[in-house]
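K.L.:
This is input05.csv, which holds CSV, C-alpha atoms and all ligand atoms:
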chain,number,residue,atom,x,y,z
X,1,THR,CA,100.1,133.4,79.9
X,2,ALA,CA,101.4,130.3,78.0
X,3,THR,CA,104.8,131.9,77.8
X,4,GLU,CA,104.6,133.0,81.4
X,5,ASN,CA,103.8,129.4,82.5
X,6,ARG,CA,106.7,128.0,80.5
X,7,HIS,CA,109.0,130.5,82.3
X,8,LEU,CA,107.5,129.4,85.7
X,9,ARG,CA,108.0,125.8,84.9
X,10,ALA,CA,111.6,126.5,83.9
X,11,ALA,CA,112.1,128.4,87.1
X,12,GLY,CA,110.7,125.4,89.0
X,13,HIS,CA,113.4,123.3,87.4
X,14,GLN,CA,116.2,125.3,88.6
X,15,ASN,CA,114.9,124.8,92.1
X,16,GLY,CA,114.2,121.1,91.5
X,17,GLY,CA,117.6,120.2,90.1
X,18,ALA,CA,117.5,117.1,87.9
X,19,MET,CA,114.1,117.7,86.5
X,20,ALA,CA,115.2,119.1,83.2
X,21,GLU,CA,113.8,116.3,81.0
X,22,ALA,CA,110.3,117.0,82.0
X,23,SER,CA,110.3,120.6,80.7
X,24,THR,CA,108.5,119.9,77.5
X,25,VAL,CA,105.1,118.7,79.0
X,26,GLU,CA,102.4,120.2,76.9
X,27,ASP,CA,99.8,121.0,79.5
X,28,VAL,CA,99.7,124.8,79.1
X,29,PHE,CA,96.7,126.5,77.4
X,30,ASP,CA,97.3,127.3,73.7
X,31,ASP,CA,95.5,130.5,72.9
X,32,THR,CA,96.4,130.3,69.2
X,33,TYR,CA,94.0,127.4,68.4
X,34,ARG,CA,90.8,128.4,66.6
X,35,GLU,CA,87.8,126.1,66.3
X,36,LYS,CA,86.9,125.3,62.7
X,37,ASP,CA,84.0,127.4,61.2
X,38,GLY,CA,80.8,125.9,60.0
X,39,PRO,CA,78.4,123.4,61.6
X,40,LYS,CA,79.8,121.0,64.2
X,41,PRO,CA,80.2,117.3,63.2
X,42,ALA,CA,77.1,115.2,64.1
X,43,MET,CA,77.2,113.4,67.4
X,44,ARG,CA,77.8,109.6,66.9
X,45,LEU,CA,76.5,107.5,69.8
X,46,VAL,CA,78.6,104.4,70.9
X,47,TRP,CA,75.8,102.0,72.0
X,48,ARG,CA,78.3,99.5,73.5
X,49,ASN,CA,79.5,102.2,76.0
X,50,ILE,CA,76.0,103.4,76.7
X,51,ILE,CA,74.8,99.9,77.6
X,52,LEU,CA,77.9,99.0,79.7
X,53,MET,CA,77.9,102.3,81.6
X,54,SER,CA,74.1,101.9,82.3
X,55,LEU,CA,74.7,98.3,83.6
X,56,LEU,CA,77.6,99.5,85.8
X,57,HIS,CA,75.4,102.2,87.4
X,58,VAL,CA,72.5,99.8,87.9
X,59,GLY,CA,75.0,97.4,89.5
X,60,ALA,CA,76.3,100.2,91.7
X,61,LEU,CA,72.8,101.0,92.9
X,62,TYR,CA,72.3,97.3,93.7
X,63,GLY,CA,75.6,97.5,95.7
X,64,LEU,CA,74.2,100.5,97.6
X,65,LEU,CA,71.2,98.3,98.6
X,66,LEU,CA,73.6,95.6,99.7
X,67,LEU,CA,75.7,98.0,101.9
X,68,PRO,CA,73.8,97.2,105.2
X,69,SER,CA,74.5,93.5,104.7
X,70,ALA,CA,78.3,94.0,104.2
X,71,SER,CA,80.5,93.2,107.2
X,72,ALA,CA,82.7,95.9,108.9
X,73,SER,CA,85.8,94.4,107.3
X,74,THR,CA,84.2,94.6,103.9
X,75,LEU,CA,83.3,98.2,104.4
X,76,ALA,CA,86.9,99.0,105.5
X,77,TRP,CA,88.2,97.1,102.4
X,78,THR,CA,85.8,99.1,100.2
X,79,ALA,CA,87.3,102.3,101.6
X,80,ALA,CA,90.8,101.0,101.1
X,81,CYS,CA,90.0,100.1,97.4
X,82,TYR,CA,88.5,103.6,97.0
X,83,LEU,CA,91.6,105.3,98.3
X,84,PHE,CA,94.0,103.1,96.4
X,85,SER,CA,92.3,103.4,93.0
X,86,ALA,CA,91.9,107.1,93.5
X,87,LEU,CA,95.6,107.6,94.2
X,88,GLY,CA,96.4,105.6,91.0
X,89,VAL,CA,94.5,108.4,89.1
X,90,THR,CA,95.5,111.5,91.2
X,91,ALA,CA,99.1,110.8,92.2
X,92,GLY,CA,99.7,108.6,89.2
X,93,ALA,CA,98.0,109.3,85.9
X,94,HIS,CA,97.3,113.0,86.8
X,95,ARG,CA,100.1,114.6,88.8
X,96,LEU,CA,103.0,112.3,87.9
X,97,TRP,CA,102.3,111.2,84.3
X,98,SER,CA,100.2,113.9,82.8
X,99,HIS,CA,101.9,116.9,84.4
X,100,ARG,CA,105.3,115.6,85.6
X,101,SER,CA,104.9,117.7,88.7
X,102,TYR,CA,107.2,115.5,90.7
X,103,LYS,CA,109.5,112.5,90.1
X,104,ALA,CA,108.8,109.0,91.3
X,105,SER,CA,111.1,106.0,91.7
X,106,PHE,CA,110.6,102.7,89.9
X,107,PRO,CA,108.9,101.0,92.9
X,108,LEU,CA,106.5,103.9,93.4
X,109,ARG,CA,105.7,104.0,89.6
X,110,VAL,CA,104.9,100.2,89.8
X,111,PHE,CA,102.6,100.8,92.8
X,112,LEU,CA,100.8,103.7,91.1
X,113,ALA,CA,100.4,101.7,87.8
X,114,VAL,CA,98.8,98.8,89.8
X,115,ALA,CA,96.5,101.3,91.6
X,116,ASN,CA,95.7,102.9,88.3
X,117,SER,CA,94.5,99.6,86.8
X,118,MET,CA,92.2,99.1,89.8
X,119,SER,CA,90.6,102.5,88.8
X,120,PHE,CA,89.9,101.3,85.2
X,121,GLN,CA,89.9,104.8,83.6
X,122,ASN,CA,91.7,103.9,80.4
X,123,ASP,CA,95.4,103.1,80.5
X,124,ILE,CA,97.9,105.7,81.8
X,125,PHE,CA,99.1,106.6,78.3
X,126,GLU,CA,95.6,107.3,76.9
X,127,TRP,CA,94.5,109.1,80.1
X,128,ALA,CA,97.6,111.4,80.1
X,129,ARG,CA,97.2,112.1,76.3
X,130,ASP,CA,93.5,113.0,76.8
X,131,HIS,CA,94.4,115.1,79.8
X,132,ARG,CA,97.2,117.1,78.1
X,133,VAL,CA,94.8,118.0,75.3
X,134,HIS,CA,92.2,118.9,77.9
X,135,HIS,CA,94.6,121.5,79.4
X,136,LYS,CA,96.2,122.7,76.2
X,137,PHE,CA,92.8,123.2,74.4
X,138,SER,CA,90.6,123.6,77.4
X,139,GLU,CA,86.9,124.2,76.6
X,140,THR,CA,87.2,124.1,72.8
X,141,ASP,CA,86.4,121.4,70.2
X,142,ALA,CA,89.8,119.9,70.9
X,143,ASP,CA,89.1,119.3,74.6
X,144,PRO,CA,87.8,115.7,75.0
X,145,HIS,CA,85.4,116.7,77.8
X,146,ASN,CA,84.7,120.3,76.6
X,147,ALA,CA,82.5,121.7,79.5
X,148,LYS,CA,81.0,124.2,77.0
X,149,ARG,CA,78.9,121.3,75.8
X,150,GLY,CA,77.2,121.1,79.2
X,151,PHE,CA,77.4,119.2,82.5
X,152,PHE,CA,76.3,115.8,81.1
X,153,PHE,CA,78.8,115.8,78.3
X,154,ALA,CA,81.7,116.9,80.5
X,155,HIS,CA,80.7,114.4,83.1
X,156,ILE,CA,80.0,111.1,81.3
X,157,GLY,CA,78.6,112.0,77.8
X,158,TRP,CA,82.1,112.3,76.3
X,159,LEU,CA,82.7,108.6,77.0
X,160,LEU,CA,79.5,107.6,75.2
X,161,VAL,CA,80.1,109.3,71.8
X,162,ARG,CA,82.9,109.4,69.2
X,163,LYS,CA,85.5,112.1,69.8
X,164,HIS,CA,85.5,115.4,68.0
X,165,PRO,CA,88.1,115.1,65.2
X,166,ASP,CA,90.0,118.0,66.6
X,167,VAL,CA,90.7,116.1,69.8
X,168,ILE,CA,92.4,113.3,67.8
X,169,GLU,CA,94.1,115.8,65.4
X,170,LYS,CA,95.5,118.0,68.2
X,171,GLY,CA,96.3,115.1,70.5
X,172,GLY,CA,98.3,113.5,67.7
X,173,LYS,CA,100.6,116.5,67.7
X,174,LEU,CA,101.5,116.4,71.4
X,175,ASP,CA,104.9,115.4,72.5
X,176,LEU,CA,104.4,112.1,74.4
X,177,SER,CA,108.0,110.9,74.3
X,178,ASP,CA,108.3,111.0,78.1
X,179,LEU,CA,105.4,108.5,78.4
X,180,LYS,CA,106.7,106.3,75.6
X,181,ALA,CA,110.0,106.2,77.4
X,182,ASP,CA,108.5,105.1,80.7
X,183,GLU,CA,108.6,101.3,80.8
X,184,VAL,CA,106.0,101.1,83.6
X,185,VAL,CA,103.5,103.1,81.5
X,186,MET,CA,104.1,101.0,78.4
X,187,PHE,CA,104.0,97.7,80.3
X,188,GLN,CA,100.6,98.7,81.8
X,189,ARG,CA,99.3,99.6,78.3
X,190,ARG,CA,100.4,96.3,76.8
X,191,HIS,CA,98.7,94.3,79.6
X,192,TYR,CA,95.8,96.7,80.3
X,193,LYS,CA,92.8,94.3,79.9
X,194,LEU,CA,94.2,91.6,82.1
X,195,SER,CA,95.3,94.1,84.7
X,196,VAL,CA,91.8,95.6,84.8
X,197,VAL,CA,90.0,92.3,85.1
X,198,THR,CA,92.3,91.3,87.9
X,199,LEU,CA,92.7,94.5,89.8
X,200,CYS,CA,89.3,96.3,89.3
X,201,PHE,CA,87.1,93.3,89.6
X,202,LEU,CA,88.7,90.0,90.8
X,203,VAL,CA,90.9,91.4,93.7
X,204,PRO,CA,88.1,93.6,95.2
X,205,THR,CA,85.7,90.7,95.0
X,206,LEU,CA,87.9,87.8,96.1
X,207,VAL,CA,89.9,89.3,99.0
X,208,PRO,CA,86.8,89.7,101.3
X,209,TRP,CA,85.5,86.3,100.3
X,210,TYR,CA,88.8,84.5,100.9
X,211,PHE,CA,90.0,86.3,104.0
X,212,TRP,CA,86.9,86.9,106.1
X,213,GLY,CA,84.2,84.9,104.4
X,214,GLU,CA,82.2,87.7,102.8
X,215,SER,CA,79.7,86.5,100.1
X,216,LEU,CA,80.9,86.7,96.6
X,217,VAL,CA,77.8,88.8,95.7
X,218,VAL,CA,78.5,91.5,98.3
X,219,GLY,CA,82.2,91.4,97.2
X,220,TYR,CA,81.4,92.0,93.6
X,221,PHE,CA,78.7,94.6,94.1
X,222,VAL,CA,80.2,96.7,97.0
X,223,PRO,CA,84.0,96.9,96.8
X,224,GLY,CA,83.7,96.0,93.1
X,225,LEU,CA,81.0,97.9,91.2
X,226,LEU,CA,79.9,100.4,93.7
X,227,ARG,CA,83.4,101.5,94.6
X,228,TYR,CA,84.4,101.6,90.9
X,229,SER,CA,81.4,103.8,89.9
X,230,VAL,CA,81.9,106.2,92.9
X,231,VAL,CA,85.5,106.7,92.0
X,232,LEU,CA,84.5,107.3,88.4
X,233,ASN,CA,81.9,109.9,89.3
X,234,ALA,CA,84.2,111.6,91.8
X,235,SER,CA,86.7,111.9,88.9
X,236,TRP,CA,84.1,113.1,86.4
X,237,LEU,CA,82.9,115.8,88.8
X,238,VAL,CA,86.3,117.5,88.3
X,239,ASN,CA,85.4,117.8,84.6
X,240,SER,CA,81.8,118.8,85.1
X,241,ALA,CA,81.1,120.5,88.5
X,242,ALA,CA,84.6,122.0,88.9
X,243,HIS,CA,84.4,123.6,85.5
X,244,MET,CA,81.0,125.2,86.4
X,245,TRP,CA,80.7,126.0,90.1
X,246,GLY,CA,83.0,127.8,92.5
X,247,ASN,CA,85.3,130.9,92.8
X,248,ARG,CA,88.0,131.9,90.4
X,249,PRO,CA,90.6,133.5,92.6
X,250,TYR,CA,93.6,133.0,90.2
X,251,ASP,CA,92.2,133.5,86.7
X,252,ALA,CA,88.7,134.8,86.1
X,253,THR,CA,89.1,134.5,82.3
X,254,ILE,CA,88.9,130.7,82.4
X,255,ASN,CA,86.0,128.4,83.5
X,256,PRO,CA,87.7,125.9,85.9
X,257,ARG,CA,86.8,126.8,89.5
X,258,GLU,CA,87.8,126.1,93.1
X,259,ASN,CA,85.2,123.6,94.4
X,260,PRO,CA,85.9,122.2,97.9
X,261,VAL,CA,83.2,119.5,97.7
X,262,VAL,CA,84.8,118.1,94.6
X,263,ALA,CA,88.3,118.5,96.2
X,264,PHE,CA,87.1,116.3,99.1
X,265,SER,CA,85.6,113.5,97.0
X,266,ALA,CA,88.4,113.5,94.5
X,267,VAL,CA,91.1,113.3,97.2
X,268,GLY,CA,92.5,116.8,96.5
X,269,GLU,CA,91.6,117.5,92.8
X,270,GLY,CA,88.9,120.1,93.1
X,271,PHE,CA,91.0,123.3,93.3
X,272,HIS,CA,90.6,123.5,89.6
X,273,ASN,CA,91.0,127.2,88.9
X,274,TYR,CA,94.5,127.0,90.6
X,275,HIS,CA,95.3,123.8,88.7
X,276,HIS,CA,94.5,125.2,85.2
X,277,THR,CA,96.4,128.3,86.1
X,278,PHE,CA,99.5,126.5,87.4
X,279,PRO,CA,99.2,122.9,86.0
X,280,PHE,CA,102.7,121.9,87.0
X,281,ASP,CA,102.3,122.5,90.7
X,282,TYR,CA,102.4,119.0,92.4
X,283,ALA,CA,99.8,120.0,95.1
X,284,THR,CA,97.2,121.2,92.5
X,285,SER,CA,96.3,123.8,95.1
X,286,GLU,CA,97.8,126.8,96.9
X,287,PHE,CA,97.1,125.2,100.2
X,288,GLY,CA,99.2,122.1,100.3
X,289,CYS,CA,97.5,119.2,102.2
X,290,ARG,CA,94.2,121.0,103.0
X,291,LEU,CA,91.4,118.7,101.7
X,292,ASN,CA,94.2,117.1,99.7
X,293,LEU,CA,95.1,113.5,100.6
X,294,THR,CA,97.0,113.2,97.3
X,295,THR,CA,99.4,115.9,98.3
X,296,ALA,CA,99.9,114.2,101.7
X,297,PHE,CA,100.5,110.9,100.0
X,298,ILE,CA,103.2,112.5,97.7
X,299,ASP,CA,104.8,114.2,100.7
X,300,LEU,CA,104.9,110.8,102.5
X,301,MET,CA,106.5,109.2,99.4
X,302,CYS,CA,109.2,111.9,99.4
X,303,PHE,CA,109.8,111.4,103.1
X,304,LEU,CA,110.3,107.7,102.4
X,305,GLY,CA,112.7,108.5,99.7
X,306,LEU,CA,110.5,107.1,96.9
X,307,ALA,CA,109.8,110.4,95.2
X,308,GLY,CA,111.3,113.9,94.8
X,309,ASP,CA,111.6,117.1,92.8
X,310,ARG,CA,108.1,118.4,93.8
X,311,LYS,CA,107.3,121.5,91.8
X,312,ARG,CA,105.6,124.3,93.5
X,313,VAL,CA,104.6,127.9,92.6
X,314,SER,CA,106.0,130.7,95.0
X,315,LYS,CA,103.5,132.6,97.2
X,316,ASP,CA,104.7,135.9,95.4
X,317,THR,CA,103.8,134.6,92.0
X,318,ILE,CA,100.4,133.3,93.2
X,319,LEU,CA,99.6,136.7,94.8
X,320,ALA,CA,100.7,138.7,91.8
X,321,ARG,CA,98.6,136.4,89.5
X,322,ALA,CA,95.6,136.6,91.7
X,323,GLN,CA,95.7,140.3,91.8
X,324,ARG,CA,96.2,140.6,88.1
X,325,THR,CA,93.7,138.1,86.7
X,326,GLY,CA,91.7,136.8,89.7
X,327,ASP,CA,88.0,137.4,90.4
X,328,GLY,CA,88.7,139.2,93.7
X,329,SER,CA,87.9,136.2,95.9
X,330,HIS,CA,91.5,135.4,96.8
X,331,LYS,CA,92.0,136.0,100.5
X,332,SER,CA,94.7,138.5,99.7
X,333,GLY,CA,92.2,140.7,98.0
D,1,LIG,C1,87.3,107.3,82.3
D,1,LIG,C2,88.3,108.4,82.2
D,1,LIG,O1,86.4,107.4,83.1
D,1,LIG,C3,88.0,109.4,83.2
D,1,LIG,C4,88.9,110.6,83.1
D,1,LIG,C5,88.7,111.6,84.1
D,1,LIG,C6,89.5,112.8,83.8
D,1,LIG,C7,89.5,113.7,85.0
D,1,LIG,C8,90.4,114.8,84.8
D,1,LIG,C9,90.3,115.8,85.9
D,1,LIG,C10,91.6,116.2,86.6
D,1,LIG,C11,92.2,115.1,87.4
D,1,LIG,C12,91.3,114.7,88.5
D,1,LIG,C13,91.4,113.2,88.8
D,1,LIG,C14,90.5,112.9,90.0
D,1,LIG,C15,90.4,111.5,90.4
D,1,LIG,C16,89.6,111.3,91.6
D,1,LIG,C17,89.5,109.9,92.1
D,1,LIG,C18,88.5,109.7,93.3
D,1,LIG,N1,95.1,112.2,71.0
D,1,LIG,O2,89.4,106.5,71.6
D,1,LIG,P1,89.0,106.2,70.2
D,1,LIG,C19,93.2,108.1,68.6
D,1,LIG,S1,87.4,105.9,81.3
D,1,LIG,C20,95.5,111.6,69.9
D,1,LIG,O3,88.4,104.9,69.9
D,1,LIG,P2,86.6,107.3,69.2
D,1,LIG,C21,93.3,106.7,69.1
D,1,LIG,O4,94.6,106.4,69.5
D,1,LIG,C22,86.2,104.8,81.8
D,1,LIG,N2,94.9,110.5,69.4
D,1,LIG,O5,88.1,107.4,69.7
D,1,LIG,C23,92.8,105.9,68.0
D,1,LIG,O6,93.8,105.8,67.0
D,1,LIG,P3,94.2,104.4,66.3
D,1,LIG,C24,86.3,103.5,81.2
D,1,LIG,C25,93.8,110.1,70.0
D,1,LIG,O7,86.3,106.3,68.2
D,1,LIG,C26,91.7,106.8,67.4
D,1,LIG,O8,92.0,108.1,67.8
D,1,LIG,N3,86.5,103.5,79.8
D,1,LIG,C27,93.2,110.7,71.1
D,1,LIG,O9,86.1,108.7,68.9
D,1,LIG,C28,90.3,106.4,67.9
D,1,LIG,O10,90.3,106.4,69.3
D,1,LIG,C29,85.6,103.8,78.9
D,1,LIG,O11,84.5,104.0,79.2
D,1,LIG,C30,93.9,111.9,71.6
D,1,LIG,N4,93.5,112.5,72.7
D,1,LIG,O12,85.8,106.7,70.5
D,1,LIG,C31,86.1,103.7,77.4
D,1,LIG,N5,92.1,110.1,71.4
D,1,LIG,O13,92.9,104.0,65.6
D,1,LIG,C32,85.9,105.0,76.9
D,1,LIG,C33,91.9,109.1,70.6
D,1,LIG,O14,95.3,104.8,65.4
D,1,LIG,N6,86.5,105.2,75.6
D,1,LIG,N7,93.0,109.1,69.7
D,1,LIG,O15,94.5,103.5,67.4
D,1,LIG,C34,86.0,104.8,74.4
D,1,LIG,O16,85.2,103.9,74.3
D,1,LIG,C35,86.3,105.7,73.2
D,1,LIG,O17,87.5,106.4,73.4
D,1,LIG,C36,85.2,106.7,72.8
D,1,LIG,C37,85.6,107.5,71.7
D,1,LIG,C38,83.9,105.9,72.5
D,1,LIG,C39,84.9,107.6,74.0
D,2,ZN,ZN,89.9,120.7,83.8
D,3,ZN,ZN,95.5,118.4,85.1
Write out the structure in this file as structure tokens.
Ligand code: ST9
Ligand code: ZN
Ligand code: ZN
P.N.:
Amino acid sequence: TATENRHLRAAGHQNGGAMAEASTVEDVFDDTYREKDGPKPAMRLVWRNIILMSLLHVGALYGLLLLPSASASTLAWTAACYLFSALGVTAGAHRLWSHRSYKASFPLRVFLAVANSMSFQNDIFEWARDHRVHHKFSETDADPHNAKRGFFFAHIGWLLVRKHPDVIEKGGKLDLSDLKADEVVMFQRRHYKLSVVTLCFLVPTLVPWYFWGESLVVGYFVPGLLRYSVVLNASWLVNSAAHMWGNRPYDATINPRENPVVAFSAVGEGFHNYHHTFPFDYATSEFGCRLNLTTAFIDLMCFLGLAGDRKRVSKDTILARAQRTGDGSHKSG
């Protein structure tokens, strides 16, 4: 199916016109990779991360307790921060930069990079590199959040231990030239720490305090820490829950699944059986905008002339694939 997907991507190009330069994205499963024999390397805990992630989640719980004392404006602002930081991951790091599933103009890329820094999920370059190895070596030692190691590891555990050496070895062989050539990606990488302090913590805290007199404590714990940790967990559910629970209408030989609950909380990213089968489809789902705010956002950007060249898989191809490798739950069956 790797070859098949390359052909599909090439076909998408002919429809999409000037998309040729993105044809090398290495997000297609590589079935030639074999895990090394012998015992697995020992797990090495990273205590700094364990402590910081614990503190973040304690802070988020405190934010939950403060929710009733937040003003309506602060709650609306929290929702806006949620949506904005989520789009920085879904429309930005994921569909644009990891998969090159559509093309974005310079102003839109700046907007997405700003939103991405508010989400504080590693810089775009690192995120996209980890994500390409996740697709190419899915559920093997070379997958950073290998779901075969269990729910906890796929969800958050992978950020609390040293990476398996194969992740770094295989990741080092990926072609990332498109990311290196994108000045917005490289600018964000150079100024990552400052952008995160500003956008993930200072802006969410200070805007409600300055504009409508919210207390700094509520600003820090609600649109700050609570919003940050909810976006993180919604993203991690794609790696954990959507690799374990749901139907596999498109390819029953892989673990990623269609999970509507995850799709809702991750603004469109839970149709994971479809997405691993056709990683270059900009909608990450057969069903366009259904439970998929990110697709609606990309469509809006195209309507405004800020994006273009959306890649999509044809209904015929989807049907043929569902009939050939699906688990029978596709509505056509
Ligand atoms: C976070 C990310 O939360 C979340 C990602 C979610 C993904 C979801 C995907 C699902 C689909 C999309 C859905 C989106 C839904 C969004 C919904 C929104 C509502 N290839 O890293 P080091 C090199 S982040 C090649 O230290 P260790 C590296 O360059 C949260 N090379 O590895 C370096 O080289 P050099 C906040 C690689 O020591 C060397 O290896 N951030 C690769 O094993 C060492 O790198 C954190 O919590 C690669 N793939 O440490 C921080 N990887 O030395 C987390 C690495 O030459 N990170 N290299 O520079 C860390 O602290 C560490 O990375 C570690 C591993 C402890 C985890
Ligand atoms: Zn996945
Ligand atoms: Zn992906």
K.L.:
Could you tell me which of X:Phe152, X:Phe271, X:Tyr82, X:Phe201 comes closest to ligand ZN 2 (chain D) if we count only C-alpha atoms and all ligand atoms?
P.N.:
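Distance minimum relative to ligand ZN 2 (chain D) lands on X:Phe271.
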K.L.:
Find the residues near Arg189 (chain X): any atom within 12 Å, counting all atoms listed in the file, skip ones fewer than 3 places away on the same chain, and give them as an NGL selection string.
P.N.:
:X and (113-114 or 116-117 or 120-127 or 179-180 or 182-186 or 192-196)
K.L.:
With distances taken over all atoms listed in the file, which of X:Leu64, X:Ala80, X:Leu206, X:Ala283 is nearest to ligand ZN 3 (chain D)?
P.N.:
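Answer, going by the shortest atom-to-atom distance: X:Ala283.
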K.L.:
Check every protein, DNA and RNA residue against ligand ZN 3 (chain D), keep those with an atom at most 12 Å away (counting all atoms listed in the file), and present them as a PyMOL selection string.
P.N.:
chain X and resi 25-29+89-101+127-136+138+235+238-239+256+268-285
K.L.:
Between CA of Lys311 (chain X) and CA of Thr140 (chain X), what is the spacing in Å?
P.N.:
27.8 Å
K.L.:
For the atom pair CA of Arg312 (chain X) and CA of Ala241 (chain X), what is the interatomic distance in Å to one decimal place?
P.N.:
25.3 Å
K.L.:
As an exercise, work out the distance from CA of Phe303 (chain X) to CA of Val262 (chain X) in Å and give it to one decimal place.
P.N.:
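Atom-to-atom, CA of Phe303 (chain X) and CA of Val262 (chain X) are spaced 27.2 Å apart.
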K.L.:
Using only C-alpha atoms and all ligand atoms, pick whichever of X:Pro144, X:Gly150, X:Pro41, X:Pro107 has the shortest atom-to-atom distance to ligand ZN 2 (chain D).
P.N.:
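Selected residue with least distance to ligand ZN 2 (chain D): X:Pro144.
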K.L.:
So which residues touch His145 (chain X) within 8 Å, counting all atoms listed in the file, skipping near sequence neighbours fewer than 5 positions away, as a count of residues only?
P.N.:
7
K.L.:
Could you name the residues that touch Cys302 (chain X) at 12 Å or less, counting all atoms listed in the file, but leaving out those on the same chain fewer than 6 positions away, as a PyMOL selection string?
P.N.:
chain X and resi 102-105+108+295-296+308-310
K.L.:
Please work out which residues fall within 8 Å of (92.0, 100.9, 93.4), coordinates as given in the file, with all atoms listed in the file counting, and return them as a list in words.
P.N.:
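Output: Ala80, Cys81, Tyr82, Leu83, Phe84, Ser85, Ala86, Leu87, Gly88, Val114, Ala115, Asn116, Ser117, Met118, Ser119, Leu199 and Cys200 of chain X.
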K.L.:
I'd like the neighbourhood of region 66-73 of chain X as a CSV table (one decimal) with C-alpha atoms, keeping the file's coordinate frame, where a residue qualifies if any of its atoms comes within 8 Å (using only C-alpha atoms), though same-chain residues fewer than 6 positions away should be ignored.
P.N.:
chain,number,residue,atom,x,y,z
X,208,PRO,CA,86.8,89.7,101.3
X,212,TRP,CA,86.9,86.9,106.1
X,214,GLU,CA,82.2,87.7,102.8
X,218,VAL,CA,78.5,91.5,98.3
X,221,PHE,CA,78.7,94.6,94.1
X,222,VAL,CA,80.2,96.7,97.0
K.L.:
Select, counting only C-alpha atoms, all protein, DNA and RNA residues no farther than 9 Å from (87.7, 91.2, 96.7) in file coordinates, and express the selection as a list in words.
P.N.:
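Every residue inside that radius is included here: Thr74, Trp77, Thr78, Phe201, Leu202, Val203, Pro204, Thr205, Leu206, Val207, Pro208, Trp209, Tyr210, Glu214, Leu216, Gly219, Tyr220, Pro223 and Gly224 of chain X.
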